[in-house]
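One file, entry03.txt, carrying compact mmCIF, C-alpha atoms:
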# COMPACT_ATOMS: atom_id res chain seq x y z
CA MET R 264 11.33 3.58 -5.46
CA LEU R 265 9.25 4.74 -2.51
CA TYR R 266 5.57 3.84 -2.34
CA ALA R 267 3.93 6.34 -0.04
CA LEU R 268 0.68 8.06 0.92
CA SER R 269 0.43 11.84 0.95
CA THR R 270 -1.31 11.76 4.37
CA CYS R 271 0.97 9.21 6.07
CA GLN R 272 3.41 10.53 8.67
CA TRP R 273 5.66 7.43 8.51
CA CYS R 274 5.89 7.85 4.75
CA HIS R 275 6.80 11.48 5.31
CA LYS R 276 9.54 10.51 7.78
CA THR R 277 10.91 7.95 5.32
CA LYS R 278 10.99 10.47 2.48
CA THR R 279 12.68 13.06 4.68
CA LEU R 280 15.31 10.54 5.74
CA LEU R 281 16.11 9.60 2.14
CA GLU R 282 16.45 13.28 1.25
CA GLU R 283 18.67 13.82 4.26
CA LEU R 284 20.88 10.91 3.19
CA GLY R 285 21.15 12.45 -0.28
CA ILE R 286 19.69 9.38 -1.99
CA ALA R 287 18.29 9.73 -5.50
CA PHE R 288 14.84 8.16 -5.50
CA ASP R 289 11.47 8.19 -7.19
CA TYR R 290 8.28 8.15 -5.21
CA ASP R 291 4.57 7.75 -5.76
CA TYR R 292 1.85 9.08 -3.52
CA VAL R 293 -0.43 6.17 -4.30
CA ASP R 294 -3.49 7.89 -2.78
CA LEU R 295 -3.12 10.69 -5.34
CA LEU R 296 -3.11 8.28 -8.29
CA GLU R 297 -6.45 7.41 -9.82
CA GLY R 298 -8.14 4.37 -11.31
CA LYS R 299 -5.84 2.15 -13.38
CA GLU R 300 -2.70 4.02 -12.36
CA GLN R 301 -3.43 3.32 -8.71
CA ASP R 302 -4.25 -0.34 -9.40
CA THR R 303 -0.98 -0.80 -11.30
CA ALA R 304 1.01 0.81 -8.50
CA MET R 305 -0.71 -1.43 -5.93
CA ASP R 306 -0.07 -4.56 -8.01
CA THR R 307 3.64 -3.72 -8.20
CA LEU R 308 3.80 -2.79 -4.52
CA GLU R 309 2.15 -6.06 -3.48
CA ARG R 310 4.80 -8.05 -5.32
CA TRP R 311 7.35 -6.55 -2.91
CA ASN R 312 5.12 -6.33 0.12
CA PRO R 313 2.08 -8.64 0.03
CA SER R 314 0.30 -6.68 2.76
CA GLY R 315 0.28 -3.64 0.46
CA SER R 316 1.18 -1.30 3.32
CA PHE R 317 2.95 2.05 3.34
CA PRO R 318 5.68 3.18 3.27
CA THR R 319 7.36 0.51 1.18
CA LEU R 320 10.83 1.32 -0.09
CA VAL R 321 12.08 -0.82 -2.96
CA ILE R 322 15.83 -0.59 -3.33
CA ASP R 323 17.38 -1.19 -6.78
CA ASN R 324 14.59 -3.62 -7.64
CA LYS R 325 16.27 -6.09 -5.28
CA ARG R 326 14.81 -5.73 -1.82
CA ALA R 327 12.08 -3.92 0.06
CA ILE R 328 11.99 -2.22 3.43
CA VAL R 329 8.46 -1.98 4.83
CA GLY R 330 7.69 0.76 7.31
CA PHE R 331 9.86 3.56 8.64
CA ARG R 332 12.78 1.44 9.82
CA GLU R 333 15.33 4.16 10.21
CA GLN R 334 18.28 1.99 11.17
CA GLU R 335 17.66 -0.49 8.39
CA ILE R 336 17.31 2.26 5.81
CA ARG R 337 20.51 3.95 6.98
CA GLU R 338 22.39 0.65 6.84
CA ALA R 339 21.08 -0.17 3.37
CA PHE R 340 22.69 3.02 2.05
CA ALA R 341 25.75 3.03 4.28
CA ALA R 342 27.98 1.01 1.94
CA MET S 346 -10.98 20.95 -8.83
CA ASN S 347 -10.91 23.60 -6.16
CA VAL S 348 -10.41 22.02 -2.77
CA PRO S 349 -10.58 24.23 0.29
CA GLU S 350 -7.42 24.32 2.38
CA ILE S 351 -7.48 22.51 5.71
CA THR S 352 -6.80 25.33 8.15
CA GLU S 353 -4.64 25.20 11.26
CA MET S 354 -7.72 26.19 13.20
CA ALA S 355 -9.71 23.21 11.92
CA ILE S 356 -6.80 20.92 12.81
CA ASP S 357 -6.50 22.42 16.25
CA THR S 358 -10.23 22.05 16.95
CA ALA S 359 -10.29 18.44 15.73
CA TYR S 360 -7.15 17.68 17.72
CA ARG S 361 -8.64 18.99 20.96
CA THR S 362 -11.88 17.05 20.46
CA LEU S 363 -9.96 13.87 19.69
CA LYS S 364 -7.73 14.28 22.73
CA ALA S 365 -10.63 14.98 25.08
CA ASP S 366 -12.62 11.99 23.72
CA ALA S 367 -9.59 9.70 23.98
CA GLU S 368 -8.90 10.63 27.57
CA LYS S 369 -12.55 10.40 28.55
CA ASN S 370 -12.58 6.84 27.22
CA GLY S 371 -9.32 5.71 28.82
CA TYR S 372 -7.12 6.10 25.73
CA ARG S 373 -3.99 8.22 25.23
CA LEU S 374 -2.86 10.15 22.19
CA ASN S 375 0.75 10.18 21.05
CA PRO S 376 2.59 12.78 23.18
CA ASP S 377 4.25 14.28 20.06
CA GLU S 378 1.73 17.04 19.40
CA ASP S 379 3.14 18.05 16.00
CA PHE S 380 3.08 14.45 14.84
CA VAL S 381 -0.52 14.04 16.00
CA LYS S 382 -1.59 17.29 14.33
CA ASN S 383 -0.15 16.03 11.06
CA LEU S 384 -2.16 12.83 11.48
CA VAL S 385 -5.24 14.95 12.19
CA ARG S 386 -4.54 16.90 8.99
CA GLY S 387 -4.54 13.52 7.18
CA LEU S 388 -7.80 12.50 8.83
CA LEU S 389 -9.45 15.77 7.82
CA LYS S 390 -8.02 15.44 4.30
CA ASN S 391 -9.54 11.96 4.03
CA GLU S 392 -12.85 13.22 5.39
CA GLN S 393 -12.78 15.91 2.74
CA ARG S 394 -11.95 13.63 -0.19
CA TYR S 395 -13.74 10.40 0.81
CA GLY S 396 -16.44 11.57 3.24
CA TYR S 397 -15.06 9.60 6.19
CA ARG S 398 -11.99 9.71 8.41
CA ALA S 399 -10.01 6.83 6.98
CA CYS S 400 -6.65 6.06 8.61
CA PRO S 401 -4.07 8.46 7.11
CA CYS S 402 -1.50 5.64 6.92
CA ARG S 403 -3.66 3.31 4.85
CA LEU S 404 -4.97 3.52 1.30
CA ALA S 405 -8.72 4.12 1.35
CA SER S 406 -10.88 2.84 -1.49
CA GLY S 407 -13.32 5.74 -1.43
CA LYS S 408 -16.15 3.29 -0.70
CA LYS S 409 -17.13 3.58 2.92
CA GLU S 410 -18.59 0.08 3.21
CA GLU S 411 -15.22 -1.38 2.16
CA ASP S 412 -13.28 0.86 4.53
CA LEU S 413 -15.33 0.71 7.73
CA ASP S 414 -12.52 -1.26 9.37
CA ILE S 415 -10.04 1.59 8.82
CA VAL S 416 -12.29 4.49 9.82
CA CYS S 417 -10.49 6.03 12.79
CA PRO S 418 -10.49 4.61 15.43
CA CYS S 419 -9.94 1.49 13.35
CA ASP S 420 -10.97 -2.08 14.17
CA TYR S 421 -7.28 -2.92 14.75
CA ARG S 422 -6.46 -0.22 17.30
CA ASP S 423 -7.00 -2.17 20.50
CA ALA S 424 -5.12 -5.27 19.31
CA ASP S 425 -2.16 -3.15 18.17
CA LEU S 426 -2.19 -1.14 21.39
CA GLU S 427 -2.11 -4.38 23.32
CA GLU S 428 0.69 -5.94 21.27
CA HIS S 429 2.79 -2.94 20.23
CA GLY S 430 1.78 -0.14 22.57
CA ALA S 431 0.52 1.97 19.67
CA CYS S 432 -2.07 1.80 16.91
CA TYR S 433 -0.92 1.38 13.31
CA CYS S 434 -0.42 5.10 12.59
CA ALA S 435 0.62 5.79 16.23
CA LEU S 436 -2.18 8.26 16.93
CA TYR S 437 -3.17 6.22 19.98
CA VAL S 438 -0.49 4.93 22.32
CA ASN S 439 -0.26 3.16 25.65
CA GLU S 440 0.69 4.74 28.95
CA ALA S 441 4.41 3.89 28.63
CA ILE S 442 4.69 5.69 25.29
CA ALA S 443 2.43 8.55 26.38
CA SER S 444 4.71 9.21 29.34
CA GLY S 445 7.88 8.98 27.24
CA LYS S 446 9.18 5.75 28.80
CA GLN S 447 8.88 3.74 25.62
CA LYS S 448 9.28 4.60 21.95
CA VAL S 449 6.98 3.91 19.01
CA ALA S 450 8.30 1.21 16.67
CA PRO S 451 7.01 0.23 13.20
CA ILE S 452 3.97 -2.05 13.32
CA ALA S 453 3.19 -4.81 10.83
CA GLU S 454 -0.13 -4.26 9.06
CA ARG S 455 -2.93 -6.21 10.72
CA ARG S 456 -5.52 -5.38 8.07
CA PRO S 457 -5.91 -8.22 5.57
CA PRO S 458 -4.38 -7.56 2.12
CA ARG S 459 -6.69 -6.36 -0.69
CA SER S 460 -7.24 -9.87 -2.05
CA GLN S 461 -8.50 -11.24 1.28
CA ARG S 462 -10.63 -8.39 2.51
CA GLY S 463 -14.22 -8.98 3.51
CA LYS S 464 -13.72 -12.75 3.71
CA ALA S 465 -12.39 -13.50 7.17
CA ALA S 466 -14.61 -10.95 8.85
CA SER S 467 -17.85 -11.96 7.17
CA VAL S 468 -20.62 -12.72 9.59
CA ARG S 469 -22.04 -16.17 9.29
CA VAL S 470 -25.67 -16.07 8.34
CA ALA S 471 -27.78 -18.43 10.36
CA SER S 472 -29.89 -20.93 8.45
CA THR S 473 -33.56 -21.14 9.33
CA THR S 474 -33.09 -24.45 11.12
CA GLU S 475 -30.58 -23.01 13.57
CA LYS S 476 -31.83 -21.74 16.89
CA PRO S 477 -30.22 -18.82 18.66
CA ILE S 478 -29.10 -19.37 22.22
CA PHE S 479 -30.33 -16.02 23.43
CA PRO S 480 -33.81 -14.54 23.15
CA LEU S 481 -32.34 -11.39 21.57
CA PRO S 482 -29.53 -10.93 19.04
CA VAL S 483 -26.16 -10.02 20.53
CA TRP S 484 -24.20 -7.22 18.85
CA ARG S 485 -20.48 -6.55 19.16
CA CYS S 486 -18.81 -3.19 18.56
CA LYS S 487 -15.80 -3.95 16.33
CA VAL S 488 -13.97 -0.89 17.65
CA CYS S 489 -14.09 -1.50 21.41
CA GLY S 490 -15.70 -4.91 21.89
CA TYR S 491 -18.83 -3.65 23.68
CA LEU S 492 -21.60 -6.26 23.64
CA CYS S 493 -25.31 -5.72 23.95
CA ALA S 494 -28.42 -7.81 23.45
CA ARG S 495 -31.21 -6.07 21.56
CA GLU S 496 -33.13 -6.26 18.29
CA GLN S 497 -30.81 -3.77 16.54
CA PRO S 498 -27.33 -2.49 17.37
CA PRO S 499 -27.36 0.93 19.06
CA GLY S 500 -27.10 3.98 16.78
CA ILE S 501 -23.93 5.01 18.61
CA CYS S 502 -21.77 2.77 20.77
CA PRO S 503 -22.29 3.97 24.35
CA ILE S 504 -18.68 3.10 25.19
CA CYS S 505 -16.61 4.43 22.29
CA ASN S 506 -19.13 6.39 20.16
CA ALA S 507 -18.58 4.20 17.09
CA THR S 508 -21.50 4.36 14.66
CA LYS S 509 -24.12 1.63 14.11
CA GLU S 510 -22.45 0.17 11.01
CA ARG S 511 -19.36 -0.77 13.07
CA PHE S 512 -21.38 -3.45 14.92
CA GLU S 513 -21.42 -7.12 13.97
CA ARG S 514 -23.68 -9.98 15.05
CA PHE S 515 -22.03 -11.91 17.85
CA GLU S 516 -23.92 -15.04 18.39
CA ARG S 517 -23.55 -18.76 18.36
CA PHE S 518 -26.28 -20.84 16.91
CA VAL S 519 -26.99 -24.38 18.08

Would you encode the structure as structure tokens?
Amino acid sequence: MLYALSTCQWCHKTKTLLEELGIAFDYDYVDLLEGKEQDTAMDTLERWNPSGSFPTLVIDNKRAIVGFREQEIREAFAA
Amino acid sequence: MNVPEITEMAIDTAYRTLKADAEKNGYRLNPDEDFVKNLVRGLLKNEQRYGYRACPCRLASGKKEEDLDIVCPCDYRDADLEEHGACYCALYVNEAIASGKQKVAPIAERRPPRSQRGKAASVRVASTTEKPIFPLPVWRCKVCGYLCAREQPPGICPICNATKERFERFERFV
């Protein structure tokens, strides 16, 4: 699950990388959600990343990678 | 809702203004022009939907008074430039990155999380028994650190052009 913002270039790079790697993933542009939906997304995101920053990539509900860390993302899916 | 498209021309105009202002004030923009133009698109998008240029890499609340710290240039730019060589979204960079000698790396968010916002930064209100040291209040621009002593903060920061609401009281009481 990728938590992203529609205006964020680092989110965009992360999404492009995942697509390039052929990973199946869901994503939310949290800035395009409204009211309760946005609050719920932020609450979930903050459980993985207390600073609530973007992009946050949650892998298999097990771990989170915060920010566009290309090497780390590649390694996480290399296995 | 019908939202007008942000045109390439508008992006280009805003980009050139931003670049000229940055260089006039001793700052550098990211040398990757396409990347910067996409950030500018985000800034214009935020201006369109919120009424102010909130950082494109942060979630704005839609309430300007809660988001003043992330109106570009944000309150965190100079500290991040100093520590990481780039601001949070990497619009502004240091000389080494601008000249291609160093690369931009991810930066940890310096803005307090939602639950702690508005607490740390709150200005202490002086009680009536406290006496100011200076004959006039001192105001600090939260964007660039400019200080001035006058009854009210300036309408526009003479150093970085930040607006009046970006100033805080900067004074010790004894």

**OP:** With a cut-off of 7 Å and counting all atoms listed in the file, select all residues of chain R in contact with chain S and give the selection as a ChimeraX atom specification.
**Re:** /R:268,270-272,294,313-317,330-332

I want to know what sits within 8 Å of range 486-500 of chain S, based on only C-alpha atoms, with residues of the same chain fewer than 4 positions away left out; could you give that as an mmCIF file with C-alpha atoms, keeping the file's coordinate frame?
data_model
loop_
_atom_site.group_PDB
_atom_site.id
_atom_site.type_symbol
_atom_site.label_atom_id
_atom_site.label_comp_id
_atom_site.auth_asym_id
_atom_site.auth_seq_id
_atom_site.Cartn_x
_atom_site.Cartn_y
_atom_site.Cartn_z
ATOM 1 C CA PRO S 418 -10.490 4.610 15.430
ATOM 2 C CA CYS S 419 -9.940 1.490 13.350
ATOM 3 C CA ASP S 420 -10.970 -2.080 14.170
ATOM 4 C CA TYR S 421 -7.280 -2.920 14.750
ATOM 5 C CA ARG S 422 -6.460 -0.220 17.300
ATOM 6 C CA ASP S 423 -7.000 -2.170 20.500
ATOM 7 C CA LEU S 481 -32.340 -11.390 21.570
ATOM 8 C CA PRO S 482 -29.530 -10.930 19.040
ATOM 9 C CA ILE S 504 -18.680 3.100 25.190
ATOM 10 C CA CYS S 505 -16.610 4.430 22.290
ATOM 11 C CA ALA S 507 -18.580 4.200 17.090
ATOM 12 C CA THR S 508 -21.500 4.360 14.660
ATOM 13 C CA LYS S 509 -24.120 1.630 14.110
ATOM 14 C CA ARG S 511 -19.360 -0.770 13.070
ATOM 15 C CA PHE S 512 -21.380 -3.450 14.920
ATOM 16 C CA GLU S 513 -21.420 -7.120 13.970
#

Original post:
If you measure from CA of Ile351 in chain S to CA of Arg398 in chain S, what distance in Å do you get, rounded to one decimal?
Top reply: 13.8 Å

Considering all atoms listed in the file, return as a compact mmCIF listing (two decimals) with C-alpha atoms, in the frame of the given file whatever protein or nucleic-acid residues lie within 12 Å of Lys448 in chain S, sequence-local ones (same chain, fewer than 2 positions apart) excluded.
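The file below, around_9.txt, is the result:
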# COMPACT_ATOMS: atom_id res chain seq x y z
CA ASN S 375 0.75 10.18 21.05
CA PRO S 376 2.59 12.78 23.18
CA ASP S 377 4.25 14.28 20.06
CA HIS S 429 2.79 -2.94 20.23
CA GLY S 430 1.78 -0.14 22.57
CA ALA S 431 0.52 1.97 19.67
CA ALA S 435 0.62 5.79 16.23
CA VAL S 438 -0.49 4.93 22.32
CA ASN S 439 -0.26 3.16 25.65
CA GLU S 440 0.69 4.74 28.95
CA ALA S 441 4.41 3.89 28.63
CA ILE S 442 4.69 5.69 25.29
CA ALA S 443 2.43 8.55 26.38
CA SER S 444 4.71 9.21 29.34
CA GLY S 445 7.88 8.98 27.24
CA LYS S 446 9.18 5.75 28.80
CA ALA S 450 8.30 1.21 16.67
CA PRO S 451 7.01 0.23 13.20

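Interatomic distance, CA of Leu284 in chain R against CA of Gln334 in chain R: 12.2 Å.
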
Original post:
Could you name the residues that touch Ala327 in chain R at 10 Å or less, counting all atoms listed in the file, but leaving out those on the same chain fewer than 2 positions away, as number ranges by chain?
Top reply: R: 264-265, 308, 310-312, 319-325, 329-330, 336

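Take CA of Glu427 in chain S and CA of Leu374 in chain S: the distance between them is 14.6 Å.
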
Taking 3 positions as the minimum chain separation for residues in the same chain, which residues sit within 7 Å of Trp273 in chain R when counting all atoms listed in the file? Answer as a compact mmCIF listing (two decimals) with C-alpha atoms, in the frame of the given file.
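out24.txt was written with the following content:
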# COMPACT_ATOMS: atom_id res chain seq x y z
CA LYS R 276 9.54 10.51 7.78
CA THR R 277 10.91 7.95 5.32
CA PRO R 318 5.68 3.18 3.27
CA PHE R 331 9.86 3.56 8.64

Copy range 430-450 of chain S out of the block into a file, keeping N, CA and C atoms, as a short mmCIF file (atom, residue, chain, number, x, y, z; two decimals), in the first residue's frame.
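Resulting contents of result-v1.cif:
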data_model
loop_
_atom_site.label_atom_id
_atom_site.label_comp_id
_atom_site.auth_asym_id
_atom_site.auth_seq_id
_atom_site.Cartn_x
_atom_site.Cartn_y
_atom_site.Cartn_z
N GLY S 430 21.38 19.86 2.54
CA GLY S 430 21.72 20.43 1.23
C GLY S 430 20.51 20.66 0.34
N ALA S 431 19.33 20.34 0.83
CA ALA S 431 18.10 20.56 0.05
C ALA S 431 16.94 20.78 1.00
N CYS S 432 15.91 21.46 0.54
CA CYS S 432 14.70 21.57 1.37
C CYS S 432 13.91 20.26 1.22
N TYR S 433 12.86 20.13 1.99
CA TYR S 433 12.12 18.86 2.08
C TYR S 433 11.68 18.31 0.72
N CYS S 434 11.16 19.17 -0.15
CA CYS S 434 10.69 18.69 -1.46
C CYS S 434 11.79 18.78 -2.51
N ALA S 435 12.93 19.37 -2.13
CA ALA S 435 14.10 19.54 -3.01
C ALA S 435 13.91 20.58 -4.10
N LEU S 436 13.04 21.56 -3.84
CA LEU S 436 12.93 22.71 -4.75
C LEU S 436 14.18 23.57 -4.61
N TYR S 437 14.55 23.86 -3.35
CA TYR S 437 15.75 24.63 -3.07
C TYR S 437 16.89 23.69 -2.70
N VAL S 438 18.06 23.97 -3.24
CA VAL S 438 19.23 23.13 -2.95
C VAL S 438 20.45 24.00 -2.66
N ASN S 439 21.48 23.38 -2.14
CA ASN S 439 22.72 24.14 -1.90
C ASN S 439 23.57 24.18 -3.17
N GLU S 440 24.69 24.84 -3.06
CA GLU S 440 25.56 25.04 -4.21
C GLU S 440 26.07 23.71 -4.78
N ALA S 441 26.44 22.78 -3.88
CA ALA S 441 27.00 21.50 -4.33
C ALA S 441 26.00 20.72 -5.17
N ILE S 442 24.73 20.75 -4.77
CA ILE S 442 23.70 20.03 -5.54
C ILE S 442 23.37 20.82 -6.81
N ALA S 443 23.30 22.14 -6.67
CA ALA S 443 22.98 22.97 -7.84
C ALA S 443 24.01 22.79 -8.95
N SER S 444 25.28 22.56 -8.56
CA SER S 444 26.31 22.42 -9.58
C SER S 444 26.56 20.95 -9.94
N GLY S 445 25.72 20.05 -9.44
CA GLY S 445 25.80 18.64 -9.83
C GLY S 445 26.88 17.82 -9.13
N LYS S 446 27.49 18.41 -8.08
CA LYS S 446 28.56 17.69 -7.38
C LYS S 446 28.02 16.76 -6.30
N GLN S 447 26.78 17.00 -5.91
CA GLN S 447 26.19 16.20 -4.84
C GLN S 447 24.76 15.86 -5.25
N LYS S 448 24.25 14.72 -4.75
CA LYS S 448 22.90 14.32 -5.13
C LYS S 448 21.91 14.57 -4.00
N VAL S 449 20.66 14.73 -4.37
CA VAL S 449 19.60 14.91 -3.37
C VAL S 449 19.27 13.55 -2.76
N ALA S 450 19.18 13.50 -1.44
CA ALA S 450 18.80 12.26 -0.75
C ALA S 450 17.51 12.52 0.03
#
